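Report on the structure given below.
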Amino acid sequence: MSGLRSWISGRIFFVILTILLFVPLFFLRTSPGSLNLPEISACLGAVFLYLILTRLISRLHLTSVLVSLVIFSLTAFGLAVFLQPSISQEQTVPEEIVRTDSYLTKKSLLLHNDASEASGWTDIQKEIDGLAASGGDAIRNFDLFEGSGTVGMTLGALGEVTSATAEIFIRTVYAGSNVAQEDSIVLSEGTLRESEHPLKIFALIAAVIFSIAIIASLKYLVLVERRKGTLLWFQLLVITLVLRILYVSLGLEDLFRWAISGISSSDIILSISPFYVLLFILAFINSFRTDWVHYLNRWRKYVALAGALGVIILSQSVLRFYFRGGLTISSLALGTLIGCVFTILLIFSSVTFLKILFLLPSARLVDRKLNQLRIMDGLGQSIYSTFDEDKIVHASVTLGRRFSGADRCWAVKLDMKGFNSWEATGRDSSQAAFPPEWHREVLKRLEKTGETILYNRYPNSPLAGFAGKSSPMPGSLIASMLKIRKKTFGILYASTNRQFGFMNESKGLVETFARQVAAAIDNARLMERELERERYREDLAIARSIQESLLPGELPEIENIDIAGISVSSMQVGGDYYDVFPIPGGLYGIVIADVAGKGTAAALLMAALQSALHAIAPGMSDKAGDTVQRLNSLMSRRMPDDKFITFFYGVLNPVERTLSYCCAGHDPPILSGNDGIVSNLSEGGLVLGVKSDAVYRTTTMKLNPDDRLLLYTDGITESMNKETGEEFGSDRLSDFLTGQDSLQSQYILENLLDRLESFRGEVAALDDMTLLMITCTGYAAD
């Protein structure tokens, strides 16, 4: 925070110091031929002001800088008008009160009433006018500005403007170098008193401020597209401006003219200021840095052209005041600064005027290209900001119509069923309907040529014959495949009512546009598949969580009965369920079930089954069929039509060693007796949820010591061998069970899982595998 305060304080101090540097002009008089304290202070203030305004203007937008430049010029012009002396200056005054930057001032004063001297000045002025006219005629007669018809008229007008500008430049060089008679001015005491009025001084300072703002604005425009040496050339221009001020303020003209008097005695040659000519040349070089013109659209170019013309007129007017000495009365240095700035501005505005004039014929085409680039950028923002395929196509045809300049734009989708309408926009877009055979023919031609096709006279094209009489008849048609990486999604069309509505280059642009659209559609479909996979993974995670929460954590311990259960989830979580739970009377319910389907739906249905079973079983008898029948009646009312449940329910009486069971369409459990006989417990009835009034039978059997009962789901028997594609099957399961000597249920189940894994090889289980093993280990105590 303290650093920010220091930064702000430093900026405020710098601004205040800049203002204070102009204050001596209000209290101390200036004199020509030397840089005295007021002018030195004001020039230093102008340097600080340049640094401040350059930084401020660099933060503006291009349009704001151009508008500000016109405002600065207009304001400076108004201040220059105010600075002109209002007292008549036709009287002869002593030499010591003459103030001018011309070396001819003393000569004109001493010979003020000399008719021959006046005649000499007239001759010089005529010579300048002759040089200017000759330069203008040379440009006017240049072959570049000749032609016939409308082009000839345009070139002729351009030649007139160029030649007139050249005449202005020639006069500016000589007049600005103090050759013209108007460059001397005889000042009366009243004029001097008027120039020292505080309002005049204030107006001069304000004119300097706006002149510095003009230079700062020109620097911004020159550096819009900065290249090697651009800044250096502008810095040379500013340095030359400073040297010009010193050259004039210190009265170095006589020294220079004495040095070259031996070469030429011509008044025109002797009067040319070297720094003014150098300033003119450097300004001309920098004025070609007008790349900012290309960033203007057609209408802004027209406005900029009018603004440049207005600035040219204002600059000439201000320079006229400067050449007559009206700006140098109060301060020779500051007046020279204003005059030189407007000399630079005149050159800049003139070159800008000519450049815009040259660019106007192609401005419409440039605007169209820029608009296409903006649309392509908008296309990227529109189609890559969403993964909704329909929104992508809607944005594409909307932007495609603007992009191609078409009356209509539409797209058709290609899928397994053929061509279907996708999206259309534009005038009569509802009529942009063609028969499928027409689209097939278009696709055939697109695939044959491998590029976008264009018919600028569509009614005369062979393609029109495939459309039929009821189809639209556009004047021009362009079509491009929505294709990427050998995947074709459809066709993008654009049409106009007029013939020759598209340029040949439109083919490449539309093709690029279509590739962008196809890429966006492809990304949307990839994202949709990824989202589906993500939703599926989330669904499996939820289903697995539900399944794990429903399976028993620990099985009850029953005397002389060894029970073990295990459930292995596959990649596709199913609806497997097993349970062993106590019921009144010292009995135990034994359950294994498999809900049809996968994922969350199957898991939720399994949860409903468990809840209903635990609610029904304690109040029912030991007849398993009655319990299953009641359970089926309840589940059938809430079961979806495409769902069912295979179910096995048994009631174990550990004291009497009996098992009452009902198998409702489930894989029959395998009973391996101690005598080596294997049997299946298949009695019961239909699967649950198919018929609400189905009848279920109860079967009761005796369990003997060393009997082993294996309950399983179809994930066990349907395990598939990788090489042969053969299922494990119930026979292998029976053989495995009879081949086991151990009476430990957990050990048997683990061996079975190892056997299944060996049988499958590297093939992952396609379904959940659930096992429940009941082994009778001895006799119950009496």
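A note on labels: chains of the structure tokens are A, B, ... as shown, every chain counts residues from 1, and ligands are counted from 1 in their shown order.
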
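The residue set within 10 Å of Phe434 (chain A), counting only C-alpha atoms and dropping same-chain residues fewer than 5 places from it, reads Val412, Ser421, His439, Phe466, Ala467, Gly468, Ser470, Ser471 and Pro472 of chain A.
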
For the selection just defined, write its residues with all heavy atoms to a file, as a JSON list (two decimals), in the first residue's frame.
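Full text of out_14.json as output:
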[["chain", "number", "residue", "atom", "x", "y", "z"],
["A", 412, "VAL", "N", -27.85, -31.01, -43.74],
["A", 412, "VAL", "CA", -28.57, -32.27, -43.63],
["A", 412, "VAL", "C", -27.67, -33.28, -42.94],
["A", 412, "VAL", "O", -26.45, -33.26, -43.10],
["A", 412, "VAL", "CB", -29.02, -32.80, -45.01],
["A", 412, "VAL", "CG1", -30.07, -31.89, -45.62],
["A", 412, "VAL", "CG2", -27.84, -32.94, -45.96],
["A", 421, "SER", "N", -33.28, -33.87, -42.34],
["A", 421, "SER", "CA", -33.13, -32.43, -42.17],
["A", 421, "SER", "C", -32.51, -32.13, -40.82],
["A", 421, "SER", "O", -32.88, -32.71, -39.80],
["A", 421, "SER", "CB", -34.50, -31.75, -42.29],
["A", 421, "SER", "OG", -34.39, -30.37, -42.08],
["A", 439, "HIS", "N", -29.76, -35.40, -52.48],
["A", 439, "HIS", "CA", -28.64, -35.35, -51.53],
["A", 439, "HIS", "C", -27.63, -36.46, -51.82],
["A", 439, "HIS", "O", -26.42, -36.24, -51.70],
["A", 439, "HIS", "CB", -29.15, -35.47, -50.09],
["A", 439, "HIS", "CG", -29.98, -34.31, -49.65],
["A", 439, "HIS", "ND1", -29.49, -33.03, -49.55],
["A", 439, "HIS", "CD2", -31.29, -34.23, -49.27],
["A", 439, "HIS", "CE1", -30.44, -32.21, -49.12],
["A", 439, "HIS", "NE2", -31.54, -32.92, -48.95],
["A", 466, "PHE", "N", -32.01, -33.73, -60.72],
["A", 466, "PHE", "CA", -32.28, -34.73, -59.68],
["A", 466, "PHE", "C", -33.22, -34.20, -58.61],
["A", 466, "PHE", "O", -33.66, -34.96, -57.75],
["A", 466, "PHE", "CB", -30.96, -35.16, -59.02],
["A", 466, "PHE", "CG", -30.06, -35.96, -59.91],
["A", 466, "PHE", "CD1", -29.13, -35.33, -60.71],
["A", 466, "PHE", "CD2", -30.17, -37.34, -59.96],
["A", 466, "PHE", "CE1", -28.29, -36.05, -61.53],
["A", 466, "PHE", "CE2", -29.33, -38.08, -60.78],
["A", 466, "PHE", "CZ", -28.39, -37.44, -61.57],
["A", 467, "ALA", "N", -33.46, -32.88, -58.62],
["A", 467, "ALA", "CA", -34.21, -32.27, -57.53],
["A", 467, "ALA", "C", -35.72, -32.47, -57.66],
["A", 467, "ALA", "O", -36.43, -32.58, -56.67],
["A", 467, "ALA", "CB", -33.89, -30.78, -57.44],
["A", 468, "GLY", "N", -36.23, -32.49, -58.86],
["A", 468, "GLY", "CA", -37.67, -32.59, -59.04],
["A", 468, "GLY", "C", -38.31, -31.23, -59.15],
["A", 468, "GLY", "O", -37.75, -30.22, -58.75],
["A", 470, "SER", "N", -40.88, -30.00, -57.58],
["A", 470, "SER", "CA", -41.36, -29.38, -56.33],
["A", 470, "SER", "C", -40.23, -28.82, -55.47],
["A", 470, "SER", "O", -40.49, -28.19, -54.45],
["A", 470, "SER", "CB", -42.15, -30.41, -55.52],
["A", 470, "SER", "OG", -41.33, -31.52, -55.20],
["A", 471, "SER", "N", -38.97, -29.06, -55.85],
["A", 471, "SER", "CA", -37.84, -28.60, -55.04],
["A", 471, "SER", "C", -37.50, -27.15, -55.38],
["A", 471, "SER", "O", -37.83, -26.66, -56.46],
["A", 471, "SER", "CB", -36.62, -29.49, -55.30],
["A", 471, "SER", "OG", -36.90, -30.82, -54.93],
["A", 472, "PRO", "N", -36.83, -26.46, -54.49],
["A", 472, "PRO", "CA", -36.42, -25.07, -54.75],
["A", 472, "PRO", "C", -35.47, -25.00, -55.95],
["A", 472, "PRO", "O", -34.82, -25.98, -56.30],
["A", 472, "PRO", "CB", -35.71, -24.67, -53.46],
["A", 472, "PRO", "CG", -36.16, -25.64, -52.43],
["A", 472, "PRO", "CD", -36.44, -26.91, -53.14]]

Please list as a ChimeraX atom specification every residue within 10 Å of Leu241 (chain A), counting only C-alpha atoms and excluding residues in the same chain fewer than 5 positions away. /A:235-236,246-247,275-276,278-280,282-283,336-337,340-341,344

Would you mind exporting N, CA and C atoms of the selected residues as a PDB file, in the first residue's frame?
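That gives us result23.pdb:
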ATOM      1  N   GLN A 235      11.960   8.990 -33.315  1.00  0.00           N
ATOM      2  CA  GLN A 235      12.843   9.708 -32.384  1.00  0.00           C
ATOM      3  C   GLN A 235      13.710  10.726 -33.112  1.00  0.00           C
ATOM      4  N   LEU A 236      14.178  10.382 -34.320  1.00  0.00           N
ATOM      5  CA  LEU A 236      14.939  11.334 -35.127  1.00  0.00           C
ATOM      6  C   LEU A 236      14.085  12.548 -35.491  1.00  0.00           C
ATOM      7  N   LEU A 246      15.888  25.228 -31.463  1.00  0.00           N
ATOM      8  CA  LEU A 246      17.149  25.853 -31.044  1.00  0.00           C
ATOM      9  C   LEU A 246      17.747  26.698 -32.158  1.00  0.00           C
ATOM     10  N   TYR A 247      17.672  26.197 -33.391  1.00  0.00           N
ATOM     11  CA  TYR A 247      18.221  26.891 -34.551  1.00  0.00           C
ATOM     12  C   TYR A 247      17.584  28.262 -34.719  1.00  0.00           C
ATOM     13  N   PHE A 275      17.314  22.581 -40.948  1.00  0.00           N
ATOM     14  CA  PHE A 275      16.573  21.748 -40.012  1.00  0.00           C
ATOM     15  C   PHE A 275      15.081  21.655 -40.372  1.00  0.00           C
ATOM     16  N   TYR A 276      14.569  22.705 -40.995  1.00  0.00           N
ATOM     17  CA  TYR A 276      13.169  22.637 -41.420  1.00  0.00           C
ATOM     18  C   TYR A 276      13.021  21.654 -42.574  1.00  0.00           C
ATOM     19  N   LEU A 278      15.047  19.117 -43.137  1.00  0.00           N
ATOM     20  CA  LEU A 278      15.237  17.798 -42.553  1.00  0.00           C
ATOM     21  C   LEU A 278      13.985  17.346 -41.797  1.00  0.00           C
ATOM     22  N   LEU A 279      13.360  18.296 -41.100  1.00  0.00           N
ATOM     23  CA  LEU A 279      12.107  17.991 -40.413  1.00  0.00           C
ATOM     24  C   LEU A 279      11.042  17.540 -41.410  1.00  0.00           C
ATOM     25  N   PHE A 280      10.986  18.231 -42.519  1.00  0.00           N
ATOM     26  CA  PHE A 280      10.020  17.898 -43.555  1.00  0.00           C
ATOM     27  C   PHE A 280      10.280  16.488 -44.098  1.00  0.00           C
ATOM     28  N   LEU A 282      11.954  13.925 -42.657  1.00  0.00           N
ATOM     29  CA  LEU A 282      11.692  12.897 -41.647  1.00  0.00           C
ATOM     30  C   LEU A 282      10.194  12.738 -41.400  1.00  0.00           C
ATOM     31  N   ALA A 283       9.459  13.841 -41.425  1.00  0.00           N
ATOM     32  CA  ALA A 283       8.008  13.745 -41.281  1.00  0.00           C
ATOM     33  C   ALA A 283       7.406  12.962 -42.446  1.00  0.00           C
ATOM     34  N   THR A 336       7.599  28.533 -32.696  1.00  0.00           N
ATOM     35  CA  THR A 336       8.254  27.634 -33.649  1.00  0.00           C
ATOM     36  C   THR A 336       7.822  26.189 -33.400  1.00  0.00           C
ATOM     37  N   LEU A 337       7.701  25.826 -32.121  1.00  0.00           N
ATOM     38  CA  LEU A 337       7.231  24.478 -31.781  1.00  0.00           C
ATOM     39  C   LEU A 337       5.865  24.210 -32.397  1.00  0.00           C
ATOM     40  N   CYS A 340       6.134  23.954 -36.278  1.00  0.00           N
ATOM     41  CA  CYS A 340       6.755  22.707 -36.737  1.00  0.00           C
ATOM     42  C   CYS A 340       5.826  21.511 -36.532  1.00  0.00           C
ATOM     43  N   VAL A 341       5.095  21.489 -35.414  1.00  0.00           N
ATOM     44  CA  VAL A 341       4.163  20.390 -35.162  1.00  0.00           C
ATOM     45  C   VAL A 341       3.094  20.353 -36.250  1.00  0.00           C
ATOM     46  N   ILE A 344       4.459  18.942 -39.462  1.00  0.00           N
ATOM     47  CA  ILE A 344       4.444  17.473 -39.407  1.00  0.00           C
ATOM     48  C   ILE A 344       3.030  16.945 -39.595  1.00  0.00           C
TER      49      ILE A 344
END

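Here the question is which of A:Ile484, A:Leu296, A:Ile592, A:Ala216 gets nearest to Arg59 (chain A) using only C-alpha atoms, and that residue is A:Ala216.
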
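Distances here use only C-alpha atoms; by that measure, the residue among A:Phe321, A:Trp410, A:Phe342, A:Phe489 closest to Glu389 (chain A) is A:Phe489.
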
For Thr627 (chain A), work out the shell of residues within 12 Å, counting only C-alpha atoms and skipping chain neighbours fewer than 3 positions away, then give it as a PyMOL selection string. chain A and resi 589+591+612-624+630-634+647-651+660-664+684+688+695-698

Can I get the selection written as a PDB file, in the first residue's frame, with C-alpha atoms?
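Result went into result.pdb, see below:
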ATOM      1  CA  GLY A 589     -33.933 -68.221   5.999  1.00  0.00           C
ATOM      2  CA  VAL A 591     -31.761 -66.862   0.013  1.00  0.00           C
ATOM      3  CA  ALA A 612     -39.979 -57.137   1.284  1.00  0.00           C
ATOM      4  CA  LEU A 613     -38.498 -60.534   2.189  1.00  0.00           C
ATOM      5  CA  HIS A 614     -37.296 -59.394   5.606  1.00  0.00           C
ATOM      6  CA  ALA A 615     -40.750 -57.950   6.248  1.00  0.00           C
ATOM      7  CA  ILE A 616     -42.674 -61.067   5.153  1.00  0.00           C
ATOM      8  CA  ALA A 617     -40.528 -64.016   6.250  1.00  0.00           C
ATOM      9  CA  PRO A 618     -40.782 -63.610  10.070  1.00  0.00           C
ATOM     10  CA  GLY A 619     -44.596 -63.812   9.961  1.00  0.00           C
ATOM     11  CA  MET A 620     -44.888 -66.755   7.615  1.00  0.00           C
ATOM     12  CA  SER A 621     -44.788 -70.477   8.333  1.00  0.00           C
ATOM     13  CA  ASP A 622     -41.841 -72.719   7.691  1.00  0.00           C
ATOM     14  CA  LYS A 623     -43.247 -73.530   4.255  1.00  0.00           C
ATOM     15  CA  ALA A 624     -40.939 -71.711   1.831  1.00  0.00           C
ATOM     16  CA  ARG A 630     -46.607 -63.804  -0.922  1.00  0.00           C
ATOM     17  CA  LEU A 631     -43.350 -62.187  -2.003  1.00  0.00           C
ATOM     18  CA  ASN A 632     -44.212 -62.644  -5.707  1.00  0.00           C
ATOM     19  CA  SER A 633     -47.609 -61.024  -5.170  1.00  0.00           C
ATOM     20  CA  LEU A 634     -45.983 -57.949  -3.662  1.00  0.00           C
ATOM     21  CA  PHE A 647     -35.195 -66.612  -6.683  1.00  0.00           C
ATOM     22  CA  PHE A 648     -34.413 -69.514  -4.342  1.00  0.00           C
ATOM     23  CA  TYR A 649     -35.647 -69.482  -0.779  1.00  0.00           C
ATOM     24  CA  GLY A 650     -35.121 -72.151   1.838  1.00  0.00           C
ATOM     25  CA  VAL A 651     -36.036 -72.520   5.521  1.00  0.00           C
ATOM     26  CA  SER A 660     -37.934 -76.565   3.241  1.00  0.00           C
ATOM     27  CA  TYR A 661     -37.313 -74.815  -0.076  1.00  0.00           C
ATOM     28  CA  CYS A 662     -38.890 -73.232  -3.148  1.00  0.00           C
ATOM     29  CA  CYS A 663     -36.960 -72.566  -6.364  1.00  0.00           C
ATOM     30  CA  ALA A 664     -38.596 -69.764  -8.390  1.00  0.00           C
ATOM     31  CA  GLY A 684     -40.899 -74.403  -6.898  1.00  0.00           C
ATOM     32  CA  LEU A 688     -40.851 -63.592  -9.540  1.00  0.00           C
ATOM     33  CA  VAL A 695     -48.572 -70.825  -7.378  1.00  0.00           C
ATOM     34  CA  TYR A 696     -45.351 -71.912  -5.700  1.00  0.00           C
ATOM     35  CA  ARG A 697     -44.711 -75.363  -4.240  1.00  0.00           C
ATOM     36  CA  THR A 698     -42.779 -76.222  -1.120  1.00  0.00           C
TER      37      THR A 698
END

Calculate how many Å separate CA of Phe284 (chain A) from CA of Thr352 (chain A), rounding to one decimal. 10.9 Å

Just asking: which residues within region 489-525 of chain A are strand (DSSP E or B) according to DSSP, as a PDB file with N, CA, C and O atoms, in the first residue's frame?
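And here's selection-v6.pdb as it stands now:
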ATOM      1  N   PHE A 489     -20.519 -36.641 -41.517  1.00  0.00           N
ATOM      2  CA  PHE A 489     -21.684 -36.390 -40.669  1.00  0.00           C
ATOM      3  C   PHE A 489     -22.871 -35.846 -41.453  1.00  0.00           C
ATOM      4  O   PHE A 489     -24.005 -35.937 -40.998  1.00  0.00           O
ATOM      5  N   GLY A 490     -22.617 -35.246 -42.605  1.00  0.00           N
ATOM      6  CA  GLY A 490     -23.704 -34.652 -43.385  1.00  0.00           C
ATOM      7  C   GLY A 490     -23.148 -33.727 -44.449  1.00  0.00           C
ATOM      8  O   GLY A 490     -21.977 -33.805 -44.831  1.00  0.00           O
ATOM      9  N   ILE A 491     -24.001 -32.818 -44.920  1.00  0.00           N
ATOM     10  CA  ILE A 491     -23.624 -31.874 -45.970  1.00  0.00           C
ATOM     11  C   ILE A 491     -24.100 -30.484 -45.562  1.00  0.00           C
ATOM     12  O   ILE A 491     -25.213 -30.307 -45.052  1.00  0.00           O
ATOM     13  N   LEU A 492     -23.239 -29.490 -45.774  1.00  0.00           N
ATOM     14  CA  LEU A 492     -23.566 -28.082 -45.513  1.00  0.00           C
ATOM     15  C   LEU A 492     -23.818 -27.395 -46.850  1.00  0.00           C
ATOM     16  O   LEU A 492     -22.996 -27.485 -47.763  1.00  0.00           O
ATOM     17  N   TYR A 493     -24.961 -26.711 -46.969  1.00  0.00           N
ATOM     18  CA  TYR A 493     -25.345 -26.033 -48.206  1.00  0.00           C
ATOM     19  C   TYR A 493     -25.485 -24.534 -47.963  1.00  0.00           C
ATOM     20  O   TYR A 493     -25.829 -24.093 -46.858  1.00  0.00           O
ATOM     21  N   ALA A 494     -25.244 -23.754 -49.008  1.00  0.00           N
ATOM     22  CA  ALA A 494     -25.548 -22.322 -49.024  1.00  0.00           C
ATOM     23  C   ALA A 494     -26.008 -21.970 -50.433  1.00  0.00           C
ATOM     24  O   ALA A 494     -25.478 -22.520 -51.416  1.00  0.00           O
ATOM     25  N   SER A 495     -26.988 -21.085 -50.548  1.00  0.00           N
ATOM     26  CA  SER A 495     -27.515 -20.742 -51.874  1.00  0.00           C
ATOM     27  C   SER A 495     -27.926 -19.277 -51.917  1.00  0.00           C
ATOM     28  O   SER A 495     -28.179 -18.655 -50.880  1.00  0.00           O
ATOM     29  N   THR A 496     -27.984 -18.730 -53.126  1.00  0.00           N
ATOM     30  CA  THR A 496     -28.475 -17.370 -53.362  1.00  0.00           C
ATOM     31  C   THR A 496     -29.551 -17.423 -54.428  1.00  0.00           C
ATOM     32  O   THR A 496     -29.597 -18.350 -55.263  1.00  0.00           O
TER      33      THR A 496
END

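With distances restricted to only C-alpha atoms, A:Thr777 is the closest residue to Leu703 (chain A) from A:Thr290, A:Thr777, A:Asn680, A:Ser734.
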
Identify, on the basis of only C-alpha atoms, every residue whose closest approach to Glu726 (chain A) does not exceed 12 Å; exclude the query and any residue fewer than 6 positions from it along the same chain; express the result as a list in words. Thr717, Glu718, Ser719, Met720, Arg732, Phe759, Arg760 and Gly761 of chain A

Just the helix (DSSP H, G or I) stuff from region 370-531 of chain A, please, per backbone DSSP, written as a PyMOL selection string. chain A and resi 370-383+389-404+429-431+436-449+458-460+462-466+506-531

Take the selection from the previous step and output its residues with C-alpha atoms, as a PDB file, in the first residue's frame.
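Full text of result-v4.pdb as output:
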ATOM      1  CA  LEU A 370     -12.488  -9.050 -42.057  1.00  0.00           C
ATOM      2  CA  ASN A 371     -16.110  -9.984 -41.512  1.00  0.00           C
ATOM      3  CA  GLN A 372     -15.346 -13.558 -42.555  1.00  0.00           C
ATOM      4  CA  LEU A 373     -12.469 -13.681 -40.080  1.00  0.00           C
ATOM      5  CA  ARG A 374     -14.729 -12.375 -37.327  1.00  0.00           C
ATOM      6  CA  ILE A 375     -17.358 -14.967 -38.221  1.00  0.00           C
ATOM      7  CA  MET A 376     -14.747 -17.728 -38.129  1.00  0.00           C
ATOM      8  CA  ASP A 377     -13.731 -16.499 -34.697  1.00  0.00           C
ATOM      9  CA  GLY A 378     -17.383 -16.358 -33.670  1.00  0.00           C
ATOM     10  CA  LEU A 379     -17.840 -19.861 -35.036  1.00  0.00           C
ATOM     11  CA  GLY A 380     -15.066 -21.127 -32.787  1.00  0.00           C
ATOM     12  CA  GLN A 381     -16.580 -19.414 -29.757  1.00  0.00           C
ATOM     13  CA  SER A 382     -20.082 -20.665 -30.582  1.00  0.00           C
ATOM     14  CA  ILE A 383     -19.456 -24.275 -31.552  1.00  0.00           C
ATOM     15  CA  GLU A 389     -24.857 -31.205 -31.497  1.00  0.00           C
ATOM     16  CA  ASP A 390     -28.076 -29.413 -32.427  1.00  0.00           C
ATOM     17  CA  LYS A 391     -26.830 -26.113 -30.983  1.00  0.00           C
ATOM     18  CA  ILE A 392     -23.578 -26.474 -32.898  1.00  0.00           C
ATOM     19  CA  VAL A 393     -25.383 -26.976 -36.202  1.00  0.00           C
ATOM     20  CA  HIS A 394     -27.796 -24.116 -35.487  1.00  0.00           C
ATOM     21  CA  ALA A 395     -24.911 -21.728 -34.792  1.00  0.00           C
ATOM     22  CA  SER A 396     -23.044 -23.012 -37.846  1.00  0.00           C
ATOM     23  CA  VAL A 397     -25.814 -22.418 -40.381  1.00  0.00           C
ATOM     24  CA  THR A 398     -26.583 -19.013 -38.864  1.00  0.00           C
ATOM     25  CA  LEU A 399     -22.955 -17.917 -39.114  1.00  0.00           C
ATOM     26  CA  GLY A 400     -22.509 -19.750 -42.422  1.00  0.00           C
ATOM     27  CA  ARG A 401     -25.169 -17.615 -44.082  1.00  0.00           C
ATOM     28  CA  ARG A 402     -23.370 -14.434 -42.985  1.00  0.00           C
ATOM     29  CA  PHE A 403     -19.974 -15.908 -43.775  1.00  0.00           C
ATOM     30  CA  SER A 404     -20.802 -16.801 -47.387  1.00  0.00           C
ATOM     31  CA  SER A 429     -35.507 -21.473 -45.283  1.00  0.00           C
ATOM     32  CA  SER A 430     -38.533 -23.724 -44.857  1.00  0.00           C
ATOM     33  CA  GLN A 431     -38.453 -24.323 -48.610  1.00  0.00           C
ATOM     34  CA  PRO A 436     -33.055 -37.837 -50.579  1.00  0.00           C
ATOM     35  CA  GLU A 437     -31.906 -38.886 -54.071  1.00  0.00           C
ATOM     36  CA  TRP A 438     -30.771 -35.302 -54.695  1.00  0.00           C
ATOM     37  CA  HIS A 439     -28.637 -35.350 -51.528  1.00  0.00           C
ATOM     38  CA  ARG A 440     -27.222 -38.732 -52.517  1.00  0.00           C
ATOM     39  CA  GLU A 441     -26.192 -37.319 -55.874  1.00  0.00           C
ATOM     40  CA  VAL A 442     -24.576 -34.304 -54.194  1.00  0.00           C
ATOM     41  CA  LEU A 443     -22.672 -36.610 -51.818  1.00  0.00           C
ATOM     42  CA  LYS A 444     -21.569 -38.744 -54.762  1.00  0.00           C
ATOM     43  CA  ARG A 445     -20.169 -35.690 -56.550  1.00  0.00           C
ATOM     44  CA  LEU A 446     -18.494 -34.416 -53.392  1.00  0.00           C
ATOM     45  CA  GLU A 447     -16.805 -37.768 -52.794  1.00  0.00           C
ATOM     46  CA  LYS A 448     -15.747 -37.975 -56.426  1.00  0.00           C
ATOM     47  CA  THR A 449     -14.147 -34.510 -56.540  1.00  0.00           C
ATOM     48  CA  TYR A 458     -27.557 -23.947 -60.750  1.00  0.00           C
ATOM     49  CA  PRO A 459     -30.725 -24.057 -62.951  1.00  0.00           C
ATOM     50  CA  ASN A 460     -28.501 -25.057 -65.896  1.00  0.00           C
ATOM     51  CA  PRO A 462     -27.061 -31.411 -64.227  1.00  0.00           C
ATOM     52  CA  LEU A 463     -27.716 -31.497 -60.491  1.00  0.00           C
ATOM     53  CA  ALA A 464     -30.968 -29.561 -60.928  1.00  0.00           C
ATOM     54  CA  GLY A 465     -32.464 -32.529 -62.786  1.00  0.00           C
ATOM     55  CA  PHE A 466     -32.278 -34.727 -59.683  1.00  0.00           C
ATOM     56  CA  SER A 506     -15.771 -18.996 -51.675  1.00  0.00           C
ATOM     57  CA  LYS A 507     -15.253 -22.721 -52.271  1.00  0.00           C
ATOM     58  CA  GLY A 508     -12.109 -22.818 -50.176  1.00  0.00           C
ATOM     59  CA  LEU A 509     -13.600 -20.632 -47.457  1.00  0.00           C
ATOM     60  CA  VAL A 510     -16.782 -22.709 -47.172  1.00  0.00           C
ATOM     61  CA  GLU A 511     -14.722 -25.906 -47.168  1.00  0.00           C
ATOM     62  CA  THR A 512     -12.628 -24.601 -44.276  1.00  0.00           C
ATOM     63  CA  PHE A 513     -15.794 -23.507 -42.522  1.00  0.00           C
ATOM     64  CA  ALA A 514     -17.354 -26.961 -43.003  1.00  0.00           C
ATOM     65  CA  ARG A 515     -14.264 -28.702 -41.609  1.00  0.00           C
ATOM     66  CA  GLN A 516     -14.511 -26.570 -38.476  1.00  0.00           C
ATOM     67  CA  VAL A 517     -18.171 -27.499 -38.092  1.00  0.00           C
ATOM     68  CA  ALA A 518     -17.413 -31.199 -38.647  1.00  0.00           C
ATOM     69  CA  ALA A 519     -14.651 -31.086 -36.042  1.00  0.00           C
ATOM     70  CA  ALA A 520     -17.053 -29.520 -33.544  1.00  0.00           C
ATOM     71  CA  ILE A 521     -19.717 -32.178 -34.270  1.00  0.00           C
ATOM     72  CA  ASP A 522     -17.117 -34.920 -33.879  1.00  0.00           C
ATOM     73  CA  ASN A 523     -15.980 -33.445 -30.565  1.00  0.00           C
ATOM     74  CA  ALA A 524     -19.593 -33.223 -29.396  1.00  0.00           C
ATOM     75  CA  ARG A 525     -20.224 -36.862 -30.214  1.00  0.00           C
ATOM     76  CA  LEU A 526     -16.986 -37.961 -28.577  1.00  0.00           C
ATOM     77  CA  MET A 527     -17.913 -35.948 -25.508  1.00  0.00           C
ATOM     78  CA  GLU A 528     -21.405 -37.443 -25.501  1.00  0.00           C
ATOM     79  CA  ARG A 529     -19.938 -40.937 -25.582  1.00  0.00           C
ATOM     80  CA  GLU A 530     -17.513 -40.004 -22.841  1.00  0.00           C
ATOM     81  CA  LEU A 531     -20.354 -38.581 -20.760  1.00  0.00           C
TER      82      LEU A 531
END

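What separates CA of Lys722 (chain A) from CA of Val568 (chain A) is a distance of 19.3 Å.
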
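Counting from CA of Val628 (chain A), the distance to CA of Met701 (chain A) is 17.5 Å.
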
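Around Leu737 (chain A), within 10 Å and counting only C-alpha atoms, the residues found are Ile670, Leu671, Ser672, Val678, Arg708, Leu709, Leu710, Asp731, Arg732, Leu733, Ser734, Gln740, Asp741, Ile748, Leu749 and Leu752 of chain A, once anything fewer than 3 positions away on its own chain is removed.
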
Counting only C-alpha atoms, which residue out of A:Met416, A:Leu66, A:Ala333, A:Leu237 sits closest to Asn36 (chain A)? A:Ala333

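Residue nearest Lys691 (chain A), chosen from A:Lys643, A:Arg227, A:Arg537, A:His666 and counting only C-alpha atoms: A:Lys643.
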